[in-house]
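Just below is one structure, and these are the notes that go with it.
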Amino acid sequence: MIIAIDGPAASGKGTLAKRIAEHWGLPCLDTGLLYRAVARDVVLLGFRIDDPWAALIAARSLHPAELLDPDLRTPQAGDAASIVARIPQVRTALLVYQRAFATQPGGAVLDGRDIGTVVCPDADAKIYVTARTEVRAKRRFLECQGRGEGVTIEGILADIRRRDERDASRGSAPMRPADDADLLDTSDLDIEAAFDAAVGLIKRKIGQ
Ligand SMILES: Nc1ncnc2c1ncn2[C@@H]1O[C@H](COP(=O)(O)OP(=O)(O)OP(=O)(O)O)[C@@H](O)[C@H]1O
Ligand SMILES: Nc1ccn([C@@H]2O[C@H](COP(=O)(O)O)[C@@H](O)[C@H]2O)c(=O)n1
C-alpha cells in the first residue's frame, strides 16, 4: 500500500506520515529532507544556492545516510531547499530514489509537496494536510524554541509564507493537492485527533 501525504510547510504532514507508517507497519520517507540535503551540499561545495549545475551534481550524488543530519531541520535549511526544489533537473534526479522507495514490496508512506501529483500518482490513499498559516507558524516556533534556536514568531511566519509562495508558484511539480486527494485541515485538531482523522480517511479510501 502506498500512502501519499502532501501539504505546505509546517502543516504537520511529517508528524502524520510517521504515525501512519507506524500504524500500518510501513517504511516512511520525508522527501523534504532530500531537497534540504541537496541545498546543504551545494553550499558545502562552495556554489551559489541557485546554481543548477551544482544542485544537479549534489542531487545525483546524494546518499540516504546523509539525511540524518539534524542541521537539515532548521528553517534556514528549509528555505534553501525551496530554492533548489525549483530546478527541474534536481526534481528529476530525486524522483528515481523516491519512486524506488515508494514501490518497495509492501509499499510505503511518503510526505512532501508533489507525492500525490507526481511521485506516486497511483497511490492507494492521498491526503493533503493544511492548517492556517498562523497556526503553522506557532507550531514551528514552539518546535524551534524547544531545540534552543533563536527564532521569532514573525521570522517563522515570513519564512513559511515565502516558502509556500515559492513551492506553489514554481513551474515544475508545484505544491498542490492531487485531484483525488482528501483534504485534512488540522488547524483545530491536536496531533492525536489529526492522526485519527487521517486513519479514517485512509481506511475509507482503501475500503477497510
Ligand atoms: N495537529 C497538531 N497539533 C499541534 N502541533 C502539531 C500538529 N501537527 C504537527 N504539530 C507540530 O507542528 C510542528 C510541525 O510539524 P511537522 O514537522 O510534522 O510539519 P511538516 O508539515 O512536516 O513541516 P515541514 O514541511 O516544514 O517539514 C512539529 O513541531 C509538530 O510536532
Ligand atoms: N516532495 C517535495 C518535498 C519538499 N520539497 C521542497 O523542499 C522544501 C523543504 O521541504 P520540507 O517538507 O522539509 O519542509 C519545501 O519547501 C519544498 O520546496 C519539494 O519541492 N517537494
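Lettering and numbering for the C-alpha cells are positional, with chains as A, B, ... in the shown order, residues counted from 1 in each chain, and ligands counted from 1 in the shown order.
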>> Any residue with an atom at most 9 Å from ligand 1 counts, using only C-alpha atoms and all ligand atoms. Which are they? Put them as JSON, numbers by chain.
In response: {"A": [6, 7, 8, 9, 10, 11, 12, 13, 14, 15, 16, 17, 18, 30, 31, 32, 33, 73, 74, 75, 78, 111, 112, 113, 129, 130, 131, 135, 136, 137, 138, 139, 140, 141, 142, 143, 144, 146, 160, 185, 186, 187, 188, 189, 190, 191, 192, 193, 194, 195]}
>> as a list in words, please: the residues near stretch 37-39 of chain A (cut-off 8 Å, only C-alpha atoms, same-chain neighbours under 4 positions excluded).
In response: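 My list of contacting residues is Leu33, Val43, Ile49, Ala55, Ala58, Ala59, Leu62, Glu66, Leu67, Leu72, Ala77, Ala80, Ala81, Ile83 and Val84 of chain A.
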Just write the chosen residues, C-alpha atoms, as a short mmCIF file (atom, residue, chain, number, x, y, z; two decimals), in the first residue's frame.
```cif
data_model
loop_
_atom_site.label_atom_id
_atom_site.label_comp_id
_atom_site.auth_asym_id
_atom_site.auth_seq_id
_atom_site.Cartn_x
_atom_site.Cartn_y
_atom_site.Cartn_z
CA LEU A 33 14.95 16.02 3.58
CA VAL A 43 26.65 25.33 -0.16
CA ILE A 49 22.35 28.06 -3.85
CA ALA A 55 22.48 21.34 -7.49
CA ALA A 58 24.54 17.27 -5.41
CA ALA A 59 21.21 15.57 -6.18
CA LEU A 62 23.08 12.17 -2.54
CA GLU A 66 23.29 11.96 4.83
CA LEU A 67 19.62 12.64 5.61
CA LEU A 72 18.70 19.81 8.00
CA ALA A 77 17.72 24.69 5.55
CA ALA A 80 17.43 26.89 0.89
CA ALA A 81 15.67 23.63 -0.03
CA ILE A 83 15.30 27.28 -3.92
CA VAL A 84 16.94 24.10 -5.26
#
```
>> Residues within 10 Å of stretch 85-87 of chain A, please, as a ChimeraX atom specification. Count only C-alpha atoms; anything in the same chain fewer than 5 positions from it doesn't count.
In response: /A:32,34-36,38-39,50-53,55-56,79-80,92,94,166-167,169-174
> Which one is closest to A:Ile3: A:Val151, A:Leu184, A:Leu95, A:Leu29? Count only C-alpha atoms.
Replying inline: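 Between A:Val151, A:Leu184, A:Leu95, A:Leu29, the residue approaching A:Ile3 most closely is A:Leu29.
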> With distances taken over only C-alpha atoms, which of A:Leu110, A:Ala123, A:Leu44, A:Ala181 is nearest to A:Leu26?
Replying inline: A:Leu110
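For stretch 32-157 of chain A, backbone-based DSSP assignment of strand (DSSP E or B) covers Ala108, Val109, Leu110, Asp111, Gly112, Ala125, Lys126, Ile127, Tyr128, Val129 and Thr130 of chain A.
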> Quick one: DSSP alpha helix (DSSP H) residues in chain A, as a PyMOL selection string?
Replying inline: chain A and resi 13-24+32-44+52-60+75-84+88-102+133-146+153-169+191-206
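Candidate residues A:Ala168, A:Ile153, A:Met1, A:Val199 were compared for distance to ligand 2, and the nearest is A:Ala168, using only C-alpha atoms and all ligand atoms.
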>> Calculated over only C-alpha atoms and all ligand atoms, which of the candidates A:Gly116, A:Pro121, A:Gly25, A:Pro64 has the smallest distance to ligand 2?
In response: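 The shortest atom-to-atom distance to ligand 2 comes from A:Gly116.
The shortest atom-to-atom distance to A:Ala93, with only C-alpha atoms taken into account, belongs to A:Ile57 out of A:Ala158, A:Val109, A:Cys120, A:Ile57.
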> Which one is closest to ligand 2: A:His23, A:Arg163, A:Lys203, A:Arg40? Count only C-alpha atoms and all ligand atoms.
Replying inline: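 Among the listed residues, the smallest separation from ligand 2 belongs to A:Arg163.
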> Could you work out how far atom CA of A:Ala54 lies from atom CA of A:Val42, giving the answer in Å with one decimal?
Replying inline: 5.9 Å
> How many Å lie between atom CA of A:Phe101 and atom CA of A:Val119, rounded to one decimal?
Replying inline: 10.3 Å
